[in-house]
Amino acid sequence: MTASSTQGAFAHRDLLGIEGLSVSDITYLLDLSDTYVDQNRQIDKKTSVLRGRTQINLFFESSTRTQSSFELAGKRLGADVMNMAVTTSAVNKGETLLDTAVTLNAMNPDLLVVRHGDSGAVELLSQKVSCAVLNAGDGAHEHPTQALLDALTIRRRLGRLQGLRVAICGDITHSRVARSNILLLNAMGAQVHLIGPQTLLPVGAQQLGAGVFNDMRAGLEGCDIVMMLRIQNERMEGALIPSVREYYRLYGLDREKLAYAKPDALVMHPGPMNRGVEIDSAVADDPERSLIRDQVEMGVAVRMAVLEALAANLPNNLGGDNLGKDA
Amino acid sequence: MSLAFSNARLLDPANGLDEIGTLIVEKGKVAAIGKSVKATAKKNIDCKGMAILPGLIDMQVFTGEPGEEYRETLETASRAAAAGGVTTMITMPNTNPVIDDAALVDFISRRARDTAIVRVHPMAALTKGCAGKSMTEFGLLREAGAVAFTDGDRAVMNALTMRRALSYAGTFDALIVQHAMDQDLQSAGVMHESELATRLGLAGIPVAAETTMIDRDLRLVELTGARYHIAQISSAESVAAVRAAKQRGLPVSCGVSATHLMLNQNDVENYRTFAKLSPPLRCEDDRLALIAGVADGTIDVVVSGHNPQNEEAKRQPFAQAAYGSVGVETLLAGLLSLHHADGVALETLLACVTARPAQLLGLEGGALSVGARADFALADLDAPWVVDADALRSKSQNAAIDKRKVQGQVLACYVGGKAVFEL
């Protein structure tokens with residue numbers, strides 16, 4: 001498995017979302033990720049696929065696990081990785097997003113990993129740079145590598161995605177993880193159930209190609225996978241849900257509610273978890289049922305695969321032309 | 001032990017029943033009912049043609065328990081209710097503390113079980129402290145026994161809060177009950193905004209204070225699909241708004257107080273604070289439109305709006321006096337005045353205080369079906385009497401219809417087959 005053998009197999013310059021990916025694109029990325037899972041379990045985890053490449057992780061929103069996952073992925077592929085957090089960037093001094101993009105582009109990065117609090121911001125930025133852009137989460141829009149790592153986790157455990165029933169529970173309205181997962185799971189032939197109180201279900205949820213439920217018992221019926229989403233503190237205390245205790249009573253995943261799903265249903269969570277809010281520790285830490293630690297491991301492999309796939313499409317000789325495509 | 005009530009006019013709108021016959025009660029339930037039923041019970045009561053009707057469900061009762069027991073307790077309210085043929089009271093959360101927590105709903109239920117002689121179901125607060133800001137735990141409150149959610153005599157002014165509450169209520173198919181009164185438009189108003197208010201020198205409450213709130217909420221109902229109920233409407237325009245909303249298929253219902261069906265703004269003349277109500281008594285045209293609304297089914301329920309206030313609260317300059325009138329004891333008499341004076345069908349009127357509220361709140365009761373709990377009243381529908389506020393059983397005597405001639409006297413009231421009131 002070398003860069004040249006995969007050249008052009010993934011025909012996209014950027015990875016901005018799951019939307020726009022074909023079934024074969026997704027399958028290709030998952031297959032490639034599989035090989036990195038094995039490599040990451042060896043003593044020598046490094047390859048030189050990205051040797052000489054520069055990867056910048058540009059995070060306008062704070063992140064621990066996604067940023068470190070991307071950093072590790074780039075380093076294991078041999079890239080030079082630089083982390084830029086918003087708190088230390090010029091954005092705080094009034095620079096616009098596009099100014100930041102142009103400035104960074106002038107440093108000739110090859111791969112730009114971007115997280116931003118506004119939906120569509122990563123795509124906007126991608127229009128102004130000449131390198132490959134990876135969306136590490138934009139607002140409530142998409143988080144494609146999360147959906148890919150979730151799919152990889154499920155596929156490795158159950159052998160398939162086709163025909164599975166996956167419940168996504170919690171704050172669907174504000175979740176980019178949910179949106180990317182709905183797109184990916186639908187594309188791969190899985191059935192999605194969205195579960196939450198009406199205040200956390202977005203307008204038009206039914207039209208996203210998912211079943212919509214207010215009740216855990218009804219929504220979890222027949223589910224192979226139960227994916228819990230994090231509840232942000234600012235959503236609680238009466239704004240969208242009245243209290244933590246009511247949320248936990250109605251939607252917190254404990255053994256009793258998990259029993260509504262299939263007997264061997266598996267539990268996932270993109271992290272970080274609020275124990276005792278959306279998920280009970282007994283469920284989260286159950287090695288038989290919980291895939292939460294697997295998800296973290298798969299995250300690094302998926303990000304390595306995406307970095308490799310995008311790098312394969314970069315011109316081998318930039319020739320000094322570092323203007324934006326549409327500049 | 002079984003009881004037979006023979007030779008009674010059996011009235012039960014839920015089952016379309018209006019015939020002379022016999023009601024048999026066994027083990028607290030209706031064992032048989034109808035004209036062909038034979039009085040085979042051990043004890044037979046000859047009703048001499050008097051009416052038997054399902055116990056009334058009063059969908060809006062304020063009490064002072066907990067916190068202001070001097071005004072009314074669950075016990076005293078229940079005694080007044082029983083004397084009025086009301087076998088189920090729906091209590092409002094505006095107490096001290098406000099009923100906004102599952103433990104407080106439980107408190108009301110337990111206190112009622114231990115002290116009240118009729119059934120009590122609390123509505124819980126819609127927002128914490130009825131402050132209109134953040135919604136309460138509808139799920140836990142329902143589990144504890146709350147039948148609906150309302151801020152009682154306060155409106156939810158913030159549209160976003162209302163939207164979210166309606167949306168969240170949709171999760172449970174819960175009923176949201178609004179006091180439709182825009183507080184900004186009400187401002188310092190204390191009575192209907194009219195020429196009379198001008199002559200009295202009192203600040204008015206425009207009809208628009210009610211209709212703008214209803215219009216706003218109807219938009220939000222359209223957006224969220226939640227079940228929405230206006231506790232009391234007071235104007236012709238509100239009747240029209242609700243009628244139009246129902247025609248559009250919105251899950252909307254509304255109530256009116258029996259007092260508003262009998263009185264109009266002229267009753268506040270001479271600064272009669274007993275007639276100071278919220279929403280206010282409006283014009284005669286409004287009153288007639290409300291009666292028409294009851295007759296054609298636009299208005300779903302008739303409530304007492306029972307709101308006991310003591311003398312200190314009412315013997316005040318009009319602007320400073322408390323709002324509200326007692327009424328649970330006179331609900332049936334008030335309702336029957338529409339039958340006697342305004343010609344509204346008895347079946348329609350009774351449905352507004354029996355089958356319809358039961359249906360809206362998802363309560364057992366409101367019907368005399370075989371197997372149902374034997375909650376019923378025995379009444380002389382025609383007997384004339386004069387309301388004497390001082391003789392009412394409530395702890396407070398602030399009756400807006402004091403000294404008024406009415407027709408319809410409750411003779412006895414039964415809850416679960418047991419007599420809780422006998423004249």
# chains A, B, ... in the order shown; residues from 1 in each chain; ligands from 1
>>> interface_residues(of="chain A", to="chain B", cutoff="12 Å", atoms="only C-alpha atoms", output="MDAnalysis selection string")
chainID A and resid 195:204 212:216 235:251
>>> closest_atom_pairs(of="region 310-413 of chain B", to="region 201-206 of chain B", cutoff="12 Å", atoms="only C-alpha atoms", output="JSON lines")
{"residue": "B:Pro317", "atom": "CA", "partner": "B:Leu202", "partner_atom": "CA", "distance": 10.5}
{"residue": "B:Phe318", "atom": "CA", "partner": "B:Leu202", "partner_atom": "CA", "distance": 8.2}
{"residue": "B:Ala319", "atom": "CA", "partner": "B:Leu202", "partner_atom": "CA", "distance": 7.2}
{"residue": "B:Gln320", "atom": "CA", "partner": "B:Leu202", "partner_atom": "CA", "distance": 11.0}
>>> residues_around(residues="region 271-278 of chain A", least_positions_apart="4", cutoff="9 Å", atoms="only C-alpha atoms", output="list in words")
Arg65, Cys169, Gly170, Met228, Leu229, Arg230, Ile231, Gln232, Val244, Arg245, Tyr247, Tyr248, Arg249, Tyr251, Gly252, Leu253, Asp254, Ala284, Ile292 and Val296 of chain A
>>> residues_around(residues="region 58-70 of chain B", least_positions_apart="2", cutoff="8 Å", atoms="only C-alpha atoms", output="compact mmCIF listing (two decimals) with N, CA, C and O atoms, in the first residue's frame")
# COMPACT_ATOMS: atom_id res chain seq x y z
N LEU B 56 -69.54 17.14 37.82
CA LEU B 56 -68.89 18.16 37.00
C LEU B 56 -67.37 18.13 37.17
O LEU B 56 -66.86 17.80 38.25
N GLU B 72 -58.30 29.76 50.98
CA GLU B 72 -59.00 28.52 50.65
C GLU B 72 -58.02 27.36 50.79
O GLU B 72 -56.86 27.48 50.43
N THR B 73 -58.52 26.27 51.32
CA THR B 73 -57.71 25.06 51.35
C THR B 73 -58.32 24.07 50.35
O THR B 73 -59.42 24.29 49.83
N LEU B 74 -57.61 23.01 50.11
CA LEU B 74 -58.16 21.98 49.23
C LEU B 74 -59.44 21.43 49.85
O LEU B 74 -60.41 21.13 49.15
N ALA B 77 -62.33 24.13 49.51
CA ALA B 77 -62.72 24.21 48.10
C ALA B 77 -63.51 22.97 47.70
O ALA B 77 -64.49 23.04 46.97
N VAL B 86 -69.74 19.44 41.69
CA VAL B 86 -68.42 19.27 41.05
C VAL B 86 -67.69 18.13 41.76
O VAL B 86 -67.42 18.22 42.96
N THR B 88 -64.82 16.71 40.40
CA THR B 88 -63.39 16.78 40.07
C THR B 88 -62.97 18.23 39.90
O THR B 88 -63.55 18.96 39.10
N MET B 89 -61.97 18.62 40.70
CA MET B 89 -61.43 19.98 40.58
C MET B 89 -60.04 19.90 39.95
O MET B 89 -59.23 19.07 40.36
N ILE B 90 -59.81 20.78 38.99
CA ILE B 90 -58.47 20.90 38.42
C ILE B 90 -57.86 22.15 39.04
O ILE B 90 -58.35 23.26 38.80
N THR B 91 -56.82 21.96 39.85
CA THR B 91 -56.29 23.11 40.59
C THR B 91 -55.16 23.79 39.82
O THR B 91 -54.44 23.17 39.05
N MET B 92 -55.03 25.08 40.07
CA MET B 92 -54.03 25.91 39.40
C MET B 92 -52.74 25.94 40.22
O MET B 92 -52.78 25.79 41.44
N PRO B 93 -51.61 26.14 39.56
CA PRO B 93 -50.32 26.06 40.26
C PRO B 93 -49.90 27.34 40.99
O PRO B 93 -48.85 27.36 41.60
N ASN B 94 -50.76 28.39 40.93
CA ASN B 94 -50.33 29.68 41.51
C ASN B 94 -50.53 29.70 43.02
O ASN B 94 -51.39 30.39 43.55
N THR B 95 -49.71 28.92 43.69
CA THR B 95 -49.75 28.90 45.15
C THR B 95 -48.37 29.35 45.63
O THR B 95 -47.53 29.76 44.83
N ASN B 96 -48.15 29.26 46.90
CA ASN B 96 -46.86 29.63 47.45
C ASN B 96 -46.34 28.47 48.30
O ASN B 96 -46.84 28.26 49.38
N PRO B 97 -45.39 27.68 47.84
CA PRO B 97 -44.68 27.83 46.57
C PRO B 97 -45.53 27.43 45.36
O PRO B 97 -46.52 26.73 45.50
N ALA B 231 -57.34 29.17 28.69
CA ALA B 231 -58.10 28.89 29.91
C ALA B 231 -59.46 29.58 29.89
O ALA B 231 -60.48 28.96 30.18
N VAL B 301 -65.05 24.19 27.01
CA VAL B 301 -65.35 23.96 28.42
C VAL B 301 -65.81 25.24 29.11
O VAL B 301 -65.44 26.35 28.71
N VAL B 302 -66.63 25.04 30.12
CA VAL B 302 -67.02 26.15 30.99
C VAL B 302 -66.41 25.87 32.36
O VAL B 302 -66.51 24.74 32.86
N VAL B 303 -65.73 26.87 32.89
CA VAL B 303 -65.06 26.72 34.18
C VAL B 303 -65.63 27.71 35.18
O VAL B 303 -66.33 28.65 34.80
N SER B 304 -65.31 27.49 36.44
CA SER B 304 -65.73 28.49 37.43
C SER B 304 -64.69 29.60 37.50
O SER B 304 -65.01 30.74 37.80
N GLY B 305 -63.43 29.26 37.24
CA GLY B 305 -62.36 30.23 37.49
C GLY B 305 -62.29 30.58 38.96
O GLY B 305 -61.76 31.63 39.33
N HIS B 306 -62.82 29.70 39.78
CA HIS B 306 -62.90 29.87 41.23
C HIS B 306 -61.61 30.45 41.79
O HIS B 306 -60.56 29.82 41.74
N ASN B 307 -61.71 31.67 42.33
CA ASN B 307 -60.50 32.34 42.82
C ASN B 307 -60.82 33.08 44.11
O ASN B 307 -61.21 34.25 44.11
N PRO B 308 -60.68 32.38 45.22
CA PRO B 308 -61.09 32.96 46.51
C PRO B 308 -60.15 34.09 46.95
O PRO B 308 -58.94 33.93 46.90
N ASN B 310 -59.87 37.13 50.15
CA ASN B 310 -60.52 37.55 51.38
C ASN B 310 -60.90 39.03 51.32
O ASN B 310 -60.62 39.72 50.35
N VAL B 328 -66.98 27.79 42.25
CA VAL B 328 -67.09 26.35 42.02
C VAL B 328 -68.45 25.83 42.49
O VAL B 328 -69.02 24.91 41.91
N VAL B 353 -68.87 20.73 30.90
CA VAL B 353 -68.35 20.56 32.27
C VAL B 353 -68.20 19.08 32.63
O VAL B 353 -67.94 18.75 33.78
N PRO B 357 -64.11 18.37 29.20
CA PRO B 357 -62.87 18.51 29.99
C PRO B 357 -62.18 17.17 30.26
O PRO B 357 -60.95 17.10 30.27
N LYS B 395 -64.11 29.29 51.74
CA LYS B 395 -63.55 30.04 52.85
C LYS B 395 -63.62 31.54 52.59
O LYS B 395 -63.55 32.35 53.50
>>> residues_around(residues="Leu164 (chain A)", least_positions_apart="4", cutoff="7 Å", atoms="only C-alpha atoms", output="list of chain:residue names")
A:Ala190, A:Gln191, A:Asp224
>>> closest_residue(among="B:Asp173, B:Glu312, B:Glu195, B:Asp296", to="Gln265 (chain B)", atoms="only C-alpha atoms")
B:Glu195
>>> select_by_dssp(residues="region 20-195 of chain A", states="helix (DSSP H, G or I)", output="PyMOL selection string")
chain A and resi 23-40+65-76+86-88+90-93+97-105+121-126+144-158+176-187
>>> write_last_selection(atoms="C-alpha atoms", output="PDB file, in the first residue's frame")
ATOM      1  CA  VAL A  23     -20.696   4.589  -1.852  1.00  0.00           C
ATOM      2  CA  SER A  24     -17.410   3.601  -3.492  1.00  0.00           C
ATOM      3  CA  ASP A  25     -15.667   6.678  -2.035  1.00  0.00           C
ATOM      4  CA  ILE A  26     -16.821   5.725   1.439  1.00  0.00           C
ATOM      5  CA  THR A  27     -15.951   2.078   0.960  1.00  0.00           C
ATOM      6  CA  TYR A  28     -12.526   3.016  -0.348  1.00  0.00           C
ATOM      7  CA  LEU A  29     -11.805   5.178   2.710  1.00  0.00           C
ATOM      8  CA  LEU A  30     -13.034   2.505   5.106  1.00  0.00           C
ATOM      9  CA  ASP A  31     -10.959  -0.193   3.401  1.00  0.00           C
ATOM     10  CA  LEU A  32      -7.870   1.998   3.535  1.00  0.00           C
ATOM     11  CA  SER A  33      -8.562   2.785   7.197  1.00  0.00           C
ATOM     12  CA  ASP A  34      -8.662  -0.918   7.961  1.00  0.00           C
ATOM     13  CA  THR A  35      -5.044  -1.283   6.902  1.00  0.00           C
ATOM     14  CA  TYR A  36      -4.039   1.562   9.220  1.00  0.00           C
ATOM     15  CA  VAL A  37      -5.789  -0.019  12.192  1.00  0.00           C
ATOM     16  CA  ASP A  38      -3.385  -2.938  11.858  1.00  0.00           C
ATOM     17  CA  GLN A  39      -0.408  -0.674  11.382  1.00  0.00           C
ATOM     18  CA  ASN A  40      -1.314   1.401  14.433  1.00  0.00           C
ATOM     19  CA  ARG A  65      -9.596  14.427  20.878  1.00  0.00           C
ATOM     20  CA  THR A  66     -10.189  15.404  17.265  1.00  0.00           C
ATOM     21  CA  GLN A  67      -7.154  17.663  17.138  1.00  0.00           C
ATOM     22  CA  SER A  68      -4.822  15.142  18.767  1.00  0.00           C
ATOM     23  CA  SER A  69      -6.219  12.418  16.541  1.00  0.00           C
ATOM     24  CA  PHE A  70      -5.443  14.428  13.411  1.00  0.00           C
ATOM     25  CA  GLU A  71      -2.028  15.384  14.778  1.00  0.00           C
ATOM     26  CA  LEU A  72      -1.119  11.785  15.461  1.00  0.00           C
ATOM     27  CA  ALA A  73      -2.463  10.681  12.088  1.00  0.00           C
ATOM     28  CA  GLY A  74      -0.339  13.224  10.230  1.00  0.00           C
ATOM     29  CA  LYS A  75       2.781  12.428  12.228  1.00  0.00           C
ATOM     30  CA  ARG A  76       2.428   8.703  11.728  1.00  0.00           C
ATOM     31  CA  VAL A  86      -7.835  30.204  17.699  1.00  0.00           C
ATOM     32  CA  THR A  87      -6.731  31.649  21.004  1.00  0.00           C
ATOM     33  CA  THR A  88      -3.232  32.206  19.659  1.00  0.00           C
ATOM     34  CA  ALA A  90      -4.602  36.565  14.543  1.00  0.00           C
ATOM     35  CA  VAL A  91      -8.336  35.946  14.306  1.00  0.00           C
ATOM     36  CA  ASN A  92      -8.633  37.309  17.804  1.00  0.00           C
ATOM     37  CA  LYS A  93      -6.971  40.478  16.599  1.00  0.00           C
ATOM     38  CA  LEU A  97     -11.545  34.100   8.141  1.00  0.00           C
ATOM     39  CA  LEU A  98     -10.554  34.711   4.543  1.00  0.00           C
ATOM     40  CA  ASP A  99      -7.519  36.806   5.528  1.00  0.00           C
ATOM     41  CA  THR A 100      -6.416  33.948   7.726  1.00  0.00           C
ATOM     42  CA  ALA A 101      -6.872  31.551   4.824  1.00  0.00           C
ATOM     43  CA  VAL A 102      -4.821  33.644   2.435  1.00  0.00           C
ATOM     44  CA  THR A 103      -2.088  34.109   5.026  1.00  0.00           C
ATOM     45  CA  LEU A 104      -1.854  30.410   5.760  1.00  0.00           C
ATOM     46  CA  ASN A 105      -1.948  29.556   2.083  1.00  0.00           C
ATOM     47  CA  ALA A 121     -16.995  28.218   7.225  1.00  0.00           C
ATOM     48  CA  VAL A 122     -14.675  25.364   6.219  1.00  0.00           C
ATOM     49  CA  GLU A 123     -16.010  25.310   2.688  1.00  0.00           C
ATOM     50  CA  LEU A 124     -15.651  29.087   2.448  1.00  0.00           C
ATOM     51  CA  LEU A 125     -12.050  28.778   3.557  1.00  0.00           C
ATOM     52  CA  SER A 126     -11.391  25.955   1.106  1.00  0.00           C
ATOM     53  CA  PRO A 144     -17.174  13.720   8.124  1.00  0.00           C
ATOM     54  CA  THR A 145     -14.257  11.949   9.803  1.00  0.00           C
ATOM     55  CA  GLN A 146     -16.440  11.251  12.835  1.00  0.00           C
ATOM     56  CA  ALA A 147     -19.054   9.584  10.648  1.00  0.00           C
ATOM     57  CA  LEU A 148     -16.326   7.589   8.883  1.00  0.00           C
ATOM     58  CA  LEU A 149     -14.775   6.424  12.143  1.00  0.00           C
ATOM     59  CA  ASP A 150     -18.216   5.489  13.459  1.00  0.00           C
ATOM     60  CA  ALA A 151     -18.862   3.480  10.297  1.00  0.00           C
ATOM     61  CA  LEU A 152     -15.480   1.788  10.542  1.00  0.00           C
ATOM     62  CA  THR A 153     -16.121   0.902  14.179  1.00  0.00           C
ATOM     63  CA  ILE A 154     -19.479  -0.648  13.325  1.00  0.00           C
ATOM     64  CA  ARG A 155     -18.201  -2.430  10.234  1.00  0.00           C
ATOM     65  CA  ARG A 156     -15.266  -3.988  12.066  1.00  0.00           C
ATOM     66  CA  ARG A 157     -17.532  -5.245  14.848  1.00  0.00           C
ATOM     67  CA  LEU A 158     -20.550  -6.376  12.848  1.00  0.00           C
ATOM     68  CA  ARG A 176     -22.885  17.917  13.071  1.00  0.00           C
ATOM     69  CA  VAL A 177     -22.079  14.347  14.080  1.00  0.00           C
ATOM     70  CA  ALA A 178     -25.717  13.410  13.578  1.00  0.00           C
ATOM     71  CA  ARG A 179     -25.916  15.051  10.160  1.00  0.00           C
ATOM     72  CA  SER A 180     -22.790  13.344   8.827  1.00  0.00           C
ATOM     73  CA  ASN A 181     -23.857  10.021  10.269  1.00  0.00           C
ATOM     74  CA  ILE A 182     -27.336  10.226   8.766  1.00  0.00           C
ATOM     75  CA  LEU A 183     -25.822  10.877   5.338  1.00  0.00           C
ATOM     76  CA  LEU A 184     -23.250   8.129   5.586  1.00  0.00           C
ATOM     77  CA  LEU A 185     -25.495   5.490   7.106  1.00  0.00           C
ATOM     78  CA  ASN A 186     -28.252   6.183   4.600  1.00  0.00           C
ATOM     79  CA  ALA A 187     -25.755   5.960   1.746  1.00  0.00           C
TER      80      ALA A 187
END
>>> select_by_dssp(residues="region 114-326 of chain A", states="strand (DSSP E or B)", output="ChimeraX atom specification")
/A:114-116,132-138,142,165-169,191-195,211-213,225-228,253,266-268,275,279,290
>>> write_last_selection(atoms="C-alpha atoms", output="mmCIF file, in the first residue's frame")
data_model
loop_
_atom_site.group_PDB
_atom_site.id
_atom_site.type_symbol
_atom_site.label_atom_id
_atom_site.label_comp_id
_atom_site.auth_asym_id
_atom_site.auth_seq_id
_atom_site.Cartn_x
_atom_site.Cartn_y
_atom_site.Cartn_z
ATOM 1 C CA VAL A 114 -10.115 22.973 9.922
ATOM 2 C CA ARG A 115 -12.688 23.147 12.656
ATOM 3 C CA HIS A 116 -14.954 26.168 12.914
ATOM 4 C CA ALA A 132 -6.412 20.023 0.420
ATOM 5 C CA VAL A 133 -8.893 20.916 3.157
ATOM 6 C CA LEU A 134 -10.304 18.478 5.690
ATOM 7 C CA ASN A 135 -13.389 19.467 7.598
ATOM 8 C CA ALA A 136 -12.871 18.595 11.251
ATOM 9 C CA GLY A 137 -16.319 19.932 12.106
ATOM 10 C CA ASP A 138 -18.168 23.050 10.983
ATOM 11 C CA GLU A 142 -20.822 18.191 9.088
ATOM 12 C CA ARG A 165 -30.691 -0.125 12.301
ATOM 13 C CA VAL A 166 -28.851 2.695 14.066
ATOM 14 C CA ALA A 167 -30.394 4.995 16.663
ATOM 15 C CA ILE A 168 -28.937 8.465 17.135
ATOM 16 C CA CYS A 169 -30.178 9.935 20.409
ATOM 17 C CA GLN A 191 -31.643 2.616 8.652
ATOM 18 C CA VAL A 192 -31.426 5.586 11.012
ATOM 19 C CA HIS A 193 -33.690 6.415 13.947
ATOM 20 C CA LEU A 194 -33.402 9.881 15.469
ATOM 21 C CA ILE A 195 -34.554 10.076 19.080
ATOM 22 C CA GLY A 211 -37.322 7.823 11.445
ATOM 23 C CA VAL A 212 -38.037 10.369 14.156
ATOM 24 C CA PHE A 213 -39.055 9.430 17.696
ATOM 25 C CA ILE A 225 -26.439 0.352 17.378
ATOM 26 C CA VAL A 226 -27.324 3.060 19.880
ATOM 27 C CA MET A 227 -25.356 6.226 19.294
ATOM 28 C CA MET A 228 -25.656 8.797 22.087
ATOM 29 C CA LEU A 253 -28.995 5.563 28.266
ATOM 30 C CA LEU A 266 -23.877 -1.885 20.835
ATOM 31 C CA VAL A 267 -23.387 1.584 22.318
ATOM 32 C CA MET A 268 -21.438 4.459 20.805
ATOM 33 C CA ARG A 275 -21.872 10.600 32.564
ATOM 34 C CA ILE A 279 -25.278 8.006 29.383
ATOM 35 C CA SER A 290 -19.670 -0.218 24.530
#
>>> residues_around(residues="Ser235 (chain B)", least_positions_apart="4", cutoff="8 Å", atoms="only C-alpha atoms", output="ChimeraX atom specification")
/B:207,239,282,286-287,289-290
>>> atom_distance(atom1="CA of Ser325 (chain B)", atom2="CA of Arg272 (chain B)")
11.6 Å
>>> residues_around(residues="Ala140 (chain A)", least_positions_apart="3", cutoff="6 Å", atoms="only C-alpha atoms", output="list in words")
Ser119, His174, Ser175 and Arg176 of chain A
>>> write_last_selection(atoms="N, CA and C atoms", output="mmCIF file, in the first residue's frame")
data_model
loop_
_atom_site.group_PDB
_atom_site.id
_atom_site.type_symbol
_atom_site.label_atom_id
_atom_site.label_comp_id
_atom_site.auth_asym_id
_atom_site.auth_seq_id
_atom_site.Cartn_x
_atom_site.Cartn_y
_atom_site.Cartn_z
ATOM 1 N N SER A 119 -21.343 26.903 10.540
ATOM 2 C CA SER A 119 -21.636 26.005 9.432
ATOM 3 C C SER A 119 -21.215 26.680 8.123
ATOM 4 N N HIS A 174 -28.423 20.465 17.110
ATOM 5 C CA HIS A 174 -27.135 21.157 17.113
ATOM 6 C C HIS A 174 -25.970 20.247 16.748
ATOM 7 N N SER A 175 -26.265 19.052 16.239
ATOM 8 C CA SER A 175 -25.201 18.067 16.060
ATOM 9 C C SER A 175 -24.752 17.896 14.623
ATOM 10 N N ARG A 176 -23.476 18.202 14.384
ATOM 11 C CA ARG A 176 -22.885 17.917 13.071
ATOM 12 C C ARG A 176 -22.596 16.429 12.956
#
>>> atom_distance(atom1="CA of Ala305 (chain A)", atom2="CA of Arg53 (chain A)")
15.0 Å
>>> decode(residues="region 115-128 of chain B", atoms="N, CA and C atoms", output="short mmCIF file (atom, residue, chain, number, x, y, z; two decimals), in the first residue's frame")
data_model
loop_
_atom_site.label_atom_id
_atom_site.label_comp_id
_atom_site.auth_asym_id
_atom_site.auth_seq_id
_atom_site.Cartn_x
_atom_site.Cartn_y
_atom_site.Cartn_z
N THR B 115 -57.62 15.22 52.68
CA THR B 115 -58.52 16.25 53.20
C THR B 115 -59.72 16.56 52.30
N ALA B 116 -59.57 16.40 51.00
CA ALA B 116 -60.64 16.84 50.10
C ALA B 116 -61.70 15.75 49.95
N ILE B 117 -62.93 16.18 49.70
CA ILE B 117 -64.01 15.20 49.56
C ILE B 117 -64.39 14.97 48.09
N VAL B 118 -63.76 15.69 47.18
CA VAL B 118 -63.94 15.38 45.76
C VAL B 118 -62.56 15.09 45.17
N ARG B 119 -62.54 14.66 43.93
CA ARG B 119 -61.25 14.35 43.28
C ARG B 119 -60.53 15.65 42.93
N VAL B 120 -59.22 15.61 43.04
CA VAL B 120 -58.41 16.79 42.72
C VAL B 120 -57.28 16.36 41.79
N HIS B 121 -57.16 17.05 40.67
CA HIS B 121 -56.02 16.84 39.77
C HIS B 121 -55.35 18.18 39.56
N PRO B 122 -54.07 18.29 39.89
CA PRO B 122 -53.40 19.58 39.70
C PRO B 122 -52.89 19.79 38.28
N MET B 123 -52.98 21.03 37.81
CA MET B 123 -52.16 21.44 36.68
C MET B 123 -50.87 21.94 37.30
N ALA B 124 -49.75 21.65 36.64
CA ALA B 124 -48.46 22.13 37.13
C ALA B 124 -48.07 23.39 36.36
N ALA B 125 -47.10 24.10 36.94
CA ALA B 125 -46.63 25.32 36.29
C ALA B 125 -46.00 24.99 34.94
N LEU B 126 -46.17 25.90 34.01
CA LEU B 126 -45.58 25.76 32.68
C LEU B 126 -44.13 26.23 32.71
N THR B 127 -43.88 27.28 33.49
CA THR B 127 -42.50 27.76 33.65
C THR B 127 -42.17 27.80 35.13
N LYS B 128 -40.88 27.69 35.42
CA LYS B 128 -40.45 27.63 36.82
C LYS B 128 -40.89 28.90 37.55
#
